[in-house]
$ cat structure00.csv   # CSV, C-alpha atoms and all ligand atoms
chain,number,residue,atom,x,y,z
U,1,MET,CA,-84.8,29.0,159.8
U,2,LYS,CA,-83.8,30.6,156.5
U,3,ALA,CA,-81.4,29.1,154.0
U,4,VAL,CA,-78.8,30.7,151.7
U,5,ILE,CA,-77.7,29.1,148.5
U,6,PRO,CA,-74.5,30.5,147.0
U,7,ALA,CA,-74.7,30.1,143.2
U,8,ALA,CA,-72.7,33.0,141.9
U,9,GLY,CA,-69.4,31.2,141.1
U,10,LEU,CA,-67.9,31.1,137.6
U,11,GLY,CA,-67.8,27.4,137.3
U,12,THR,CA,-64.4,27.4,135.5
U,13,ARG,CA,-63.9,23.6,136.1
U,14,PHE,CA,-66.9,23.0,133.9
U,15,LEU,CA,-66.1,25.2,130.9
U,16,PRO,CA,-67.2,25.5,128.1
U,17,SER,CA,-70.6,24.2,129.4
U,18,THR,CA,-70.7,27.0,131.9
U,19,LYS,CA,-69.7,29.8,129.6
U,20,ALA,CA,-73.3,31.1,129.1
U,21,GLN,CA,-75.3,29.0,131.6
U,22,PRO,CA,-74.9,28.6,135.4
U,23,LYS,CA,-73.4,25.3,136.5
U,24,GLU,CA,-76.2,25.1,139.1
U,25,MET,CA,-78.6,24.8,136.2
U,26,LEU,CA,-76.9,21.8,134.6
U,27,PRO,CA,-79.3,18.9,134.7
U,28,VAL,CA,-78.5,15.9,136.8
U,29,TYR,CA,-80.5,13.1,135.2
U,30,ASP,CA,-83.9,14.8,135.0
U,31,LYS,CA,-83.7,18.2,136.8
U,32,PRO,CA,-81.3,21.1,137.4
U,33,THR,CA,-78.9,20.6,140.2
U,34,ILE,CA,-80.2,23.6,142.2
U,35,GLN,CA,-83.7,22.2,142.2
U,36,TYR,CA,-82.4,19.2,144.2
U,37,VAL,CA,-80.7,21.7,146.6
U,38,ILE,CA,-83.9,23.6,147.1
U,39,GLU,CA,-85.9,20.4,147.6
U,40,GLU,CA,-83.4,19.4,150.4
U,41,ALA,CA,-84.0,22.8,152.1
U,42,VAL,CA,-87.7,22.4,151.9
U,43,ALA,CA,-87.6,18.8,153.1
U,44,SER,CA,-85.6,20.1,156.1
U,45,GLY,CA,-88.4,22.4,157.1
U,46,ILE,CA,-87.1,25.6,155.4
U,47,ASP,CA,-89.4,27.8,153.3
U,48,ASP,CA,-87.5,31.0,153.0
U,49,ILE,CA,-84.5,30.7,150.7
U,50,LEU,CA,-82.1,33.4,149.5
U,51,ILE,CA,-80.1,32.5,146.3
U,52,VAL,CA,-76.9,34.4,145.8
U,53,THR,CA,-76.6,34.9,142.1
U,54,GLY,CA,-74.3,36.9,139.8
U,55,LYS,CA,-73.8,37.8,136.2
U,56,GLY,CA,-75.2,35.3,133.7
U,57,LYS,CA,-77.4,33.5,136.3
U,58,ARG,CA,-80.8,34.7,135.1
U,59,GLN,CA,-81.9,31.2,134.2
U,60,ILE,CA,-82.0,30.3,137.9
U,61,GLU,CA,-84.7,33.0,138.5
U,62,ASP,CA,-86.6,31.9,135.4
U,63,HIS,CA,-86.6,28.3,136.5
U,64,PHE,CA,-88.3,29.0,139.9
U,65,ASP,CA,-90.7,31.6,138.5
U,66,ARG,CA,-94.1,30.9,136.9
U,67,SER,CA,-94.1,30.4,133.1
U,68,PHE,CA,-97.6,31.3,132.0
U,69,GLU,CA,-96.9,30.7,128.3
U,70,LEU,CA,-95.5,27.2,128.9
U,71,GLU,CA,-98.3,26.4,131.3
U,72,HIS,CA,-100.9,27.5,128.7
U,73,ASN,CA,-99.2,25.5,126.0
U,74,LEU,CA,-99.1,22.3,128.2
U,75,ARG,CA,-102.8,22.8,129.2
U,76,GLU,CA,-103.8,23.1,125.5
U,77,LYS,CA,-101.9,19.9,124.6
U,78,GLY,CA,-103.6,18.1,127.5
U,79,LYS,CA,-100.2,17.4,129.2
U,80,ILE,CA,-101.7,17.7,132.7
U,81,ASP,CA,-99.1,15.8,134.7
U,82,THR,CA,-96.3,17.8,133.2
U,83,LEU,CA,-98.2,21.0,133.9
U,84,LYS,CA,-98.6,20.0,137.5
U,85,ASP,CA,-94.8,19.3,137.8
U,86,VAL,CA,-93.9,22.6,136.1
U,87,LYS,CA,-96.2,24.6,138.4
U,88,ALA,CA,-95.0,22.8,141.5
U,89,ILE,CA,-91.4,24.2,140.9
U,90,SER,CA,-92.6,27.7,141.4
U,91,ASP,CA,-94.5,26.8,144.6
U,92,LEU,CA,-91.6,25.1,146.3
U,93,ALA,CA,-90.7,27.9,148.7
U,94,ASP,CA,-90.4,31.7,149.0
U,95,ILE,CA,-87.3,32.4,147.0
U,96,TYR,CA,-85.3,35.6,147.1
U,97,TYR,CA,-82.3,36.8,145.2
U,98,VAL,CA,-79.3,38.9,145.9
U,99,ARG,CA,-76.4,39.5,143.5
U,100,GLN,CA,-72.7,39.1,144.4
U,101,LYS,CA,-71.2,41.8,142.2
U,102,LYS,CA,-67.7,40.3,142.0
U,103,GLN,CA,-66.8,36.7,142.4
U,104,LYS,CA,-64.6,37.2,145.4
U,105,GLY,CA,-65.1,33.7,146.9
U,106,LEU,CA,-67.7,31.7,148.9
U,107,GLY,CA,-67.2,33.7,152.0
U,108,ASP,CA,-68.0,36.9,150.2
U,109,ALA,CA,-71.0,35.3,148.6
U,110,ILE,CA,-72.4,34.4,152.0
U,111,TYR,CA,-71.7,37.8,153.3
U,112,GLN,CA,-74.2,39.2,150.8
U,113,ALA,CA,-76.9,37.4,152.8
U,114,ARG,CA,-76.3,39.5,155.9
U,115,LYS,CA,-79.3,41.8,155.6
U,116,HIS,CA,-81.8,39.1,154.6
U,117,ILE,CA,-80.7,36.8,157.5
U,118,GLY,CA,-80.3,39.3,160.4
U,119,ASP,CA,-79.4,37.8,163.8
U,120,GLU,CA,-80.8,34.4,163.4
U,121,PRO,CA,-79.0,31.1,162.7
U,122,PHE,CA,-79.3,30.0,159.1
U,123,ALA,CA,-78.5,27.1,156.7
U,124,VAL,CA,-76.1,27.3,153.8
U,125,LEU,CA,-76.4,24.8,151.0
U,126,LEU,CA,-73.9,25.0,148.1
U,127,GLY,CA,-75.7,25.3,144.8
U,128,ASP,CA,-73.4,22.8,143.1
U,129,THR,CA,-73.7,20.0,145.7
U,130,ILE,CA,-76.5,17.4,146.0
U,131,THR,CA,-77.0,15.2,149.0
U,132,LYS,CA,-79.1,12.1,149.5
U,133,GLY,CA,-80.0,10.4,152.8
U,134,ASP,CA,-83.0,9.1,154.8
U,135,ILE,CA,-82.8,12.3,156.9
U,136,PRO,CA,-82.0,15.3,154.7
U,137,CYS,CA,-78.4,16.5,155.4
U,138,THR,CA,-79.5,20.0,156.3
U,139,LYS,CA,-82.2,18.6,158.7
U,140,SER,CA,-79.5,16.6,160.6
U,141,LEU,CA,-77.3,19.7,160.9
U,142,ILE,CA,-80.3,21.7,162.3
U,143,ASN,CA,-80.7,18.9,164.9
U,144,ILE,CA,-77.0,19.2,165.9
U,145,TYR,CA,-77.3,23.0,166.0
U,146,ASN,CA,-80.3,22.8,168.3
U,147,LYS,CA,-78.5,20.2,170.6
U,148,TYR,CA,-75.2,22.1,171.1
U,149,ASN,CA,-76.5,25.6,170.4
U,150,ALA,CA,-73.5,26.1,168.0
U,151,SER,CA,-72.7,26.1,164.3
U,152,ALA,CA,-72.6,22.7,162.6
U,153,ILE,CA,-71.2,21.6,159.3
U,154,ALA,CA,-71.4,18.4,157.3
U,155,VAL,CA,-68.1,16.5,156.7
U,156,GLU,CA,-67.2,13.2,155.0
U,157,ALA,CA,-64.1,11.1,154.8
U,158,VAL,CA,-62.3,11.4,151.4
U,159,PRO,CA,-59.4,9.4,150.0
U,160,SER,CA,-56.1,11.1,150.9
U,161,GLU,CA,-55.3,12.1,147.3
U,162,LYS,CA,-58.4,14.2,147.3
U,163,VAL,CA,-57.9,16.3,150.5
U,164,GLU,CA,-56.2,19.0,148.5
U,165,ARG,CA,-59.6,19.8,146.8
U,166,TYR,CA,-61.6,20.5,150.0
U,167,GLY,CA,-61.7,22.4,153.3
U,168,ILE,CA,-60.5,19.8,155.9
U,169,ILE,CA,-61.3,19.7,159.6
U,170,SER,CA,-59.9,17.9,162.7
U,171,GLY,CA,-61.4,17.5,166.2
U,172,ASN,CA,-62.6,15.1,168.9
U,173,GLU,CA,-65.5,12.8,168.3
U,174,ILE,CA,-67.8,13.6,171.1
U,175,GLU,CA,-70.7,11.4,170.0
U,176,LYS,CA,-71.0,8.9,167.1
U,177,ASN,CA,-70.4,10.9,163.9
U,178,VAL,CA,-70.2,14.3,165.7
U,179,TYR,CA,-66.8,16.1,166.1
U,180,LYS,CA,-66.0,19.2,168.2
U,181,ILE,CA,-63.8,20.9,165.6
U,182,ASP,CA,-60.4,22.3,166.7
U,183,ARG,CA,-59.0,23.1,163.2
U,184,LEU,CA,-60.2,23.9,159.7
U,185,VAL,CA,-57.9,24.4,156.7
U,186,GLU,CA,-58.9,25.3,153.2
U,187,LYS,CA,-57.4,23.0,150.5
U,188,PRO,CA,-54.3,21.8,152.5
U,189,LEU,CA,-51.4,20.0,150.9
U,190,VAL,CA,-51.9,16.3,151.6
U,191,ASP,CA,-48.9,16.2,154.0
U,192,GLU,CA,-50.2,19.1,156.0
U,193,ALA,CA,-53.9,18.0,156.2
U,194,PRO,CA,-55.0,17.5,159.8
U,195,SER,CA,-57.3,14.6,158.8
U,196,ASN,CA,-59.2,13.3,155.7
U,197,LEU,CA,-62.5,14.8,156.9
U,198,ALA,CA,-63.7,17.1,154.1
U,199,ILE,CA,-66.3,19.9,154.4
U,200,MET,CA,-69.0,18.8,151.9
U,201,GLY,CA,-71.2,21.9,151.3
U,202,ARG,CA,-73.8,22.0,154.0
U,203,TYR,CA,-73.7,24.2,157.0
U,204,VAL,CA,-76.0,25.6,159.8
U,205,LEU,CA,-74.3,28.7,161.0
U,206,ASP,CA,-74.6,31.2,163.8
U,207,SER,CA,-75.1,34.8,162.6
U,208,ASP,CA,-71.8,35.6,164.3
U,209,ILE,CA,-70.2,34.4,161.1
U,210,PHE,CA,-71.1,37.7,159.4
U,211,ASP,CA,-68.8,39.8,161.6
U,212,LEU,CA,-66.0,37.2,161.0
U,213,LEU,CA,-66.5,37.2,157.3
U,214,LYS,CA,-66.4,41.0,157.2
U,215,ASP,CA,-62.8,40.8,158.6
U,216,THR,CA,-61.6,37.8,156.6
U,217,GLU,CA,-58.8,38.6,154.3
U,218,PRO,CA,-58.5,36.8,150.9
U,219,GLY,CA,-57.0,33.3,151.5
U,220,PHE,CA,-56.5,30.3,149.3
U,221,GLY,CA,-56.7,31.3,145.6
U,222,GLY,CA,-57.0,35.0,146.5
U,223,GLU,CA,-60.7,34.4,147.5
U,224,ILE,CA,-62.5,35.2,150.7
U,225,GLN,CA,-62.8,31.7,152.1
U,226,LEU,CA,-65.7,30.6,154.3
U,227,THR,CA,-63.4,28.0,155.9
U,228,ASP,CA,-61.1,30.8,157.2
U,229,ALA,CA,-64.0,32.6,158.9
U,230,LEU,CA,-65.4,29.4,160.3
U,231,SER,CA,-62.0,28.7,162.0
U,232,ASN,CA,-62.5,31.8,164.1
U,233,LEU,CA,-65.9,30.8,165.5
U,234,SER,CA,-65.7,30.0,169.2
U,235,GLN,CA,-67.5,26.7,168.8
U,236,ILE,CA,-68.3,24.6,165.8
U,237,TYR,CA,-69.2,20.9,165.3
U,238,GLY,CA,-68.6,18.6,162.3
U,239,HIS,CA,-71.1,15.9,161.5
U,240,ILE,CA,-70.4,12.8,159.3
U,241,PHE,CA,-73.6,12.7,157.4
U,242,ASN,CA,-75.3,9.4,157.0
U,243,GLY,CA,-75.9,9.5,153.3
U,244,SER,CA,-74.2,10.5,150.1
U,245,SER,CA,-73.0,13.8,148.6
U,246,TYR,CA,-72.4,14.6,145.0
U,247,ASP,CA,-70.2,17.6,143.9
U,248,ILE,CA,-71.3,18.3,140.4
U,249,GLY,CA,-68.8,21.2,140.0
U,250,ASN,CA,-66.5,18.9,138.1
U,251,ARG,CA,-67.6,17.1,134.9
U,252,PHE,CA,-66.7,13.5,135.9
U,253,GLU,CA,-68.5,13.7,139.2
U,254,TRP,CA,-71.5,15.3,137.4
U,255,LEU,CA,-71.5,12.4,134.9
U,256,LYS,CA,-71.3,9.7,137.6
U,257,THR,CA,-74.1,11.4,139.5
U,258,SER,CA,-76.4,11.5,136.5
U,259,ILE,CA,-75.7,7.8,135.8
U,260,GLU,CA,-76.3,6.8,139.4
U,261,PHE,CA,-79.6,8.7,139.6
U,262,ALA,CA,-80.8,7.3,136.3
U,263,LEU,CA,-80.0,3.7,137.5
U,264,ASN,CA,-82.0,4.4,140.7
U,265,ASP,CA,-85.1,5.3,138.6
U,266,ASP,CA,-87.3,2.4,137.7
U,267,GLU,CA,-88.3,4.0,134.5
U,268,SER,CA,-84.7,4.1,133.0
U,269,HIS,CA,-82.9,1.4,135.1
U,270,ASP,CA,-83.3,-1.6,132.7
U,271,GLU,CA,-82.6,0.3,129.5
U,272,LEU,CA,-79.6,2.2,130.9
U,273,LEU,CA,-78.1,-0.9,132.4
U,274,LYS,CA,-78.5,-2.8,129.1
U,275,TYR,CA,-76.8,0.1,127.3
U,276,LEU,CA,-74.0,0.4,129.8
U,277,THR,CA,-73.3,-3.3,129.7
U,278,GLU,CA,-73.2,-3.3,125.9
U,279,ILE,CA,-70.8,-0.3,125.6
U,280,CYS,CA,-68.6,-1.8,128.4
U,281,LYS,CA,-68.3,-5.0,126.4
U,282,CYS,CA,-67.4,-3.1,123.2
U,283,ASN,CA,-64.7,-1.2,125.1
U,284,HIS,CA,-62.9,-4.3,126.4
P,1,LIG,P1,-66.7,26.6,143.9
P,1,LIG,O1,-65.6,26.5,144.9
P,1,LIG,O2,-67.1,25.3,143.2
P,1,LIG,O3,-66.4,27.7,142.8
P,1,LIG,O4,-68.0,27.2,144.6
P,1,LIG,P2,-66.8,28.1,141.3
P,1,LIG,O5,-66.1,29.4,141.1
P,1,LIG,O6,-68.2,28.1,141.1
P,1,LIG,O7,-66.2,26.9,140.5
P,1,LIG,P3,-64.8,26.7,139.8
P,1,LIG,O8,-63.9,26.3,140.9
P,1,LIG,O9,-64.4,28.0,139.1
P,1,LIG,O10,-65.1,25.6,138.8
P,1,LIG,C1,-68.9,26.5,145.4
P,1,LIG,C2,-70.2,27.2,145.5
P,1,LIG,O11,-70.1,28.5,145.9
P,1,LIG,C3,-70.5,29.4,144.9
P,1,LIG,C4,-70.6,28.6,143.6
P,1,LIG,O12,-71.6,29.1,142.7
P,1,LIG,C5,-70.9,27.2,144.1
P,1,LIG,O13,-72.3,26.9,144.1
P,1,LIG,N1,-69.6,30.6,144.8
P,1,LIG,C6,-68.3,30.5,144.7
P,1,LIG,C7,-70.2,31.9,144.8
P,1,LIG,O14,-71.5,32.0,144.9
P,1,LIG,N2,-69.4,33.0,144.7
P,1,LIG,C8,-68.0,32.9,144.6
P,1,LIG,O15,-67.3,33.9,144.5
P,1,LIG,C9,-67.5,31.6,144.6
$ encode --input "structure00.csv" --output "structure tokens"
Amino acid sequence: MKAVIPAAGLGTRFLPSTKAQPKEMLPVYDKPTIQYVIEEAVASGIDDILIVTGKGKRQIEDHFDRSFELEHNLREKGKIDTLKDVKAISDLADIYYVRQKKQKGLGDAIYQARKHIGDEPFAVLLGDTITKGDIPCTKSLINIYNKYNASAIAVEAVPSEKVERYGIISGNEIEKNVYKIDRLVEKPLVDEAPSNLAIMGRYVLDSDIFDLLKDTEPGFGGEIQLTDALSNLSQIYGHIFNGSSYDIGNRFEWLKTSIEFALNDDESHDELLKYLTEICKCNH
């Protein structure tokens, strides 16, 4: 299976940091967000990845390319472990690029992948969302796709005050944590939301979605919404992923994610905890 990573958005919620750099390249603790996303695809058995980029996203290509000058420099300085890490990034997978010429929305970004994907099912991983779990989120969606022979998307319960920020689904739970979806709505008002199950940025889709995207009119925010096209699929399943997801597209979530990841790393845990405890005391 191939994967598509849409990463062409403008990242306006994260300005000014995203004025001249892609939000997908913002580091979360010790590596850029999109590297976590690619590592999830690889851990799910995918080695052919198409990144949808746009204006100002050149850094993404550079990050996954070889850097002979840097490698030479690290070798000369005897930094062999760092050299290995740097080289490994360019060997992660076969990565291809296509440009979305105008930021017309997530649905339009995915439509740019049509030629590369062809008639096969494919995975979509949003370039600004990281997931963590014992089984990679995309892998668990591939398993559901194979079981029901239909598109599957990851969802998670969110507090009611947050439903207005996400695509929301409703449906019948047909097995533990798997819903047969009967409705999808993009960013509904809280009173009109069919549930509190939010789409969290991971999908395994049937290639039928391309015909639907082609005919999808601009929806919420004047953008071509993937959620609107998904609601016209004949069958689609929602899976409550057994793990955590982190939407780094807004600055507070990004900050919390960096702190959590640093606390989970033995190398920085003690020092960071000491620092956080001290500044919390000072702010009381
Ligand atoms: P977001 O909904 O977070 O949009 O996109 P955005 O435009 O990047 O961010 P804000 O709302 O202005 O802050 C979710 C994912 O879809 C991609 C983004 O790059 C992000 O990874 N996307 C979004 C595209 O590739 N193209 C688009 O036209 C819109």
$ residues_near_ligand --input "structure00.csv" --ligand "ligand LIG 1 (chain P)" --cutoff "6 Å" --atoms "only C-alpha atoms and all ligand atoms" --output "PDB file with C-alpha atoms, in the frame of the given file"
ATOM      1  CA  PRO U   6     -74.500  30.500 147.000  1.00  0.00           C
ATOM      2  CA  ALA U   7     -74.700  30.100 143.200  1.00  0.00           C
ATOM      3  CA  ALA U   8     -72.700  33.000 141.900  1.00  0.00           C
ATOM      4  CA  GLY U   9     -69.400  31.200 141.100  1.00  0.00           C
ATOM      5  CA  LEU U  10     -67.900  31.100 137.600  1.00  0.00           C
ATOM      6  CA  GLY U  11     -67.800  27.400 137.300  1.00  0.00           C
ATOM      7  CA  THR U  12     -64.400  27.400 135.500  1.00  0.00           C
ATOM      8  CA  ARG U  13     -63.900  23.600 136.100  1.00  0.00           C
ATOM      9  CA  PHE U  14     -66.900  23.000 133.900  1.00  0.00           C
ATOM     10  CA  VAL U  52     -76.900  34.400 145.800  1.00  0.00           C
ATOM     11  CA  GLN U 103     -66.800  36.700 142.400  1.00  0.00           C
ATOM     12  CA  LYS U 104     -64.600  37.200 145.400  1.00  0.00           C
ATOM     13  CA  GLY U 105     -65.100  33.700 146.900  1.00  0.00           C
ATOM     14  CA  LEU U 106     -67.700  31.700 148.900  1.00  0.00           C
ATOM     15  CA  ALA U 109     -71.000  35.300 148.600  1.00  0.00           C
ATOM     16  CA  LEU U 126     -73.900  25.000 148.100  1.00  0.00           C
ATOM     17  CA  GLY U 127     -75.700  25.300 144.800  1.00  0.00           C
ATOM     18  CA  ASP U 128     -73.400  22.800 143.100  1.00  0.00           C
ATOM     19  CA  GLY U 249     -68.800  21.200 140.000  1.00  0.00           C
TER      20      GLY U 249
END
$ closest_residue --input "structure00.csv" --among "U:Phe220, U:Tyr29, U:Tyr148, U:Tyr237" --to "Ile181 of chain U" --atoms "all atoms listed in the file"
U:Tyr237
$ closest_residue --input "structure00.csv" --among "U:Ser245, U:Ser195, U:Asn146, U:Thr33" --to "Ile5 of chain U" --atoms "all atoms listed in the file"
U:Thr33
$ closest_residue --input "structure00.csv" --among "U:Ala150, U:Met1, U:Ile174, U:Leu255" --to "Ser234 of chain U" --atoms "all atoms listed in the file"
U:Ala150
$ atom_distance --input "structure00.csv" --atom1 "atom CA of Asn177 of chain U" --atom2 "atom CA of Pro159 of chain U"
17.8 Å
$ closest_residue --input "structure00.csv" --among "U:Glu164, U:Asp208, U:Glu173, U:Glu71" --to "Glu192 of chain U" --atoms "all atoms listed in the file"
U:Glu164
$ residues_around --input "structure00.csv" --residues "Asn172 of chain U" --least-positions-apart "5" --cutoff "10 Å" --atoms "only C-alpha atoms" --output "list in words"
Val178, Tyr179, Lys180, Ile181, Asp182, Tyr237 and Gly238 of chain U
$ atom_distance --input "structure00.csv" --atom1 "atom CA of Arg183 of chain U" --atom2 "atom CA of Gly171 of chain U"
6.8 Å
$ closest_residue --input "structure00.csv" --among "U:Lys87, U:Lys139, U:Lys57, U:Lys132" --to "Tyr246 of chain U" --atoms "only C-alpha atoms"
U:Lys132
$ residues_around --input "structure00.csv" --residues "Arg58 of chain U" --least-positions-apart "2" --cutoff "12 Å" --atoms "only C-alpha atoms" --output "compact mmCIF listing (two decimals) with C-alpha atoms, in the coordinates of the input"
# COMPACT_ATOMS: atom_id res chain seq x y z
CA ALA U 7 -74.70 30.10 143.20
CA ALA U 8 -72.70 33.00 141.90
CA ALA U 20 -73.30 31.10 129.10
CA GLN U 21 -75.30 29.00 131.60
CA PRO U 22 -74.90 28.60 135.40
CA GLU U 24 -76.20 25.10 139.10
CA MET U 25 -78.60 24.80 136.20
CA ILE U 51 -80.10 32.50 146.30
CA VAL U 52 -76.90 34.40 145.80
CA THR U 53 -76.60 34.90 142.10
CA GLY U 54 -74.30 36.90 139.80
CA LYS U 55 -73.80 37.80 136.20
CA GLY U 56 -75.20 35.30 133.70
CA ILE U 60 -82.00 30.30 137.90
CA GLU U 61 -84.70 33.00 138.50
CA ASP U 62 -86.60 31.90 135.40
CA HIS U 63 -86.60 28.30 136.50
CA PHE U 64 -88.30 29.00 139.90
CA ASP U 65 -90.70 31.60 138.50
CA TYR U 97 -82.30 36.80 145.20
CA VAL U 98 -79.30 38.90 145.90
CA ARG U 99 -76.40 39.50 143.50
$ atom_distance --input "structure00.csv" --atom1 "atom CA of Ser244 of chain U" --atom2 "atom CA of Cys137 of chain U"
9.0 Å
$ closest_residue --input "structure00.csv" --among "U:Ile95, U:Ala41, U:Val86, U:Ile259" --to "Arg202 of chain U" --atoms "only C-alpha atoms"
U:Ala41
$ residues_near_point --input "structure00.csv" --point "(-58.0, 10.4, 148.9)" --cutoff "8 Å" --atoms "only C-alpha atoms" --output "JSON list (two decimals) with C-alpha atoms, in the coordinates of the input"
[["chain", "number", "residue", "atom", "x", "y", "z"],
["U", 158, "VAL", "CA", -62.30, 11.40, 151.40],
["U", 159, "PRO", "CA", -59.40, 9.40, 150.00],
["U", 160, "SER", "CA", -56.10, 11.10, 150.90],
["U", 161, "GLU", "CA", -55.30, 12.10, 147.30],
["U", 162, "LYS", "CA", -58.40, 14.20, 147.30],
["U", 163, "VAL", "CA", -57.90, 16.30, 150.50],
["U", 196, "ASN", "CA", -59.20, 13.30, 155.70]]
$ residues_around --input "structure00.csv" --residues "Gly243 of chain U" --least-positions-apart "6" --cutoff "10 Å" --atoms "all atoms listed in the file" --output "PyMOL selection string"
chain U and resi 131-137+156
$ residues_around --input "structure00.csv" --residues "Asp47 of chain U" --least-positions-apart "4" --cutoff "7 Å" --atoms "all atoms listed in the file" --output "PyMOL selection string"
chain U and resi 42+93-94
$ build_atoms --input "structure00.csv" --residues "segment 96-102 of chain U" --atoms "all heavy atoms" --output "tab-separated table (two decimals), in the coordinates of the input"
chain	number	residue	atom	x	y	z
U	96	TYR	N	-85.82	34.27	147.31
U	96	TYR	CA	-85.30	35.60	147.10
U	96	TYR	C	-83.96	35.60	146.49
U	96	TYR	O	-83.28	34.57	146.54
U	96	TYR	CB	-85.23	36.33	148.52
U	96	TYR	CG	-86.55	36.32	149.26
U	96	TYR	CD1	-86.90	35.24	150.09
U	96	TYR	CD2	-87.46	37.36	149.12
U	96	TYR	CE1	-88.11	35.21	150.75
U	96	TYR	CE2	-88.68	37.34	149.79
U	96	TYR	CZ	-89.01	36.26	150.59
U	96	TYR	OH	-90.21	36.23	151.24
U	97	TYR	N	-83.56	36.72	145.92
U	97	TYR	CA	-82.30	36.80	145.20
U	97	TYR	C	-81.47	37.98	145.65
U	97	TYR	O	-82.03	39.05	145.91
U	97	TYR	CB	-82.49	36.84	143.70
U	97	TYR	CG	-83.25	35.63	143.19
U	97	TYR	CD1	-84.64	35.64	143.12
U	97	TYR	CD2	-82.57	34.48	142.82
U	97	TYR	CE1	-85.35	34.53	142.69
U	97	TYR	CE2	-83.27	33.35	142.38
U	97	TYR	CZ	-84.66	33.39	142.32
U	97	TYR	OH	-85.35	32.28	141.91
U	98	VAL	N	-80.16	37.80	145.72
U	98	VAL	CA	-79.30	38.90	145.90
U	98	VAL	C	-78.07	38.67	145.00
U	98	VAL	O	-77.73	37.51	144.74
U	98	VAL	CB	-78.84	39.07	147.41
U	98	VAL	CG1	-78.05	37.87	147.90
U	98	VAL	CG2	-78.06	40.34	147.66
U	99	ARG	N	-77.48	39.72	144.47
U	99	ARG	CA	-76.40	39.50	143.50
U	99	ARG	C	-75.02	39.73	144.23
U	99	ARG	O	-74.87	40.69	144.98
U	99	ARG	CB	-76.49	40.44	142.34
U	99	ARG	CG	-77.37	39.85	141.26
U	99	ARG	CD	-77.62	40.85	140.19
U	99	ARG	NE	-76.55	40.90	139.22
U	99	ARG	CZ	-76.67	40.42	137.98
U	99	ARG	NH1	-77.77	39.84	137.59
U	99	ARG	NH2	-75.67	40.53	137.14
U	100	GLN	N	-74.10	38.83	143.97
U	100	GLN	CA	-72.70	39.10	144.40
U	100	GLN	C	-72.06	39.77	143.18
U	100	GLN	O	-72.00	39.20	142.08
U	100	GLN	CB	-72.02	37.71	144.64
U	100	GLN	CG	-70.60	37.86	145.13
U	100	GLN	CD	-69.86	36.52	145.19
U	100	GLN	OE1	-70.20	35.57	144.49
U	100	GLN	NE2	-68.83	36.45	146.01
U	101	LYS	N	-71.64	41.00	143.39
U	101	LYS	CA	-71.20	41.80	142.20
U	101	LYS	C	-69.90	41.36	141.63
U	101	LYS	O	-69.67	41.45	140.45
U	101	LYS	CB	-71.19	43.28	142.61
U	101	LYS	CG	-72.61	43.77	142.90
U	101	LYS	CD	-72.69	45.24	143.12
U	101	LYS	CE	-74.10	45.63	143.53
U	101	LYS	NZ	-74.48	45.17	144.88
U	102	LYS	N	-69.02	40.83	142.49
U	102	LYS	CA	-67.70	40.30	142.00
U	102	LYS	C	-67.48	38.98	142.64
U	102	LYS	O	-67.73	38.84	143.85
U	102	LYS	CB	-66.64	41.34	142.39
U	102	LYS	CG	-65.43	41.26	141.53
U	102	LYS	CD	-64.46	42.38	141.82
U	102	LYS	CE	-63.15	42.04	141.13
U	102	LYS	NZ	-62.01	42.66	141.77
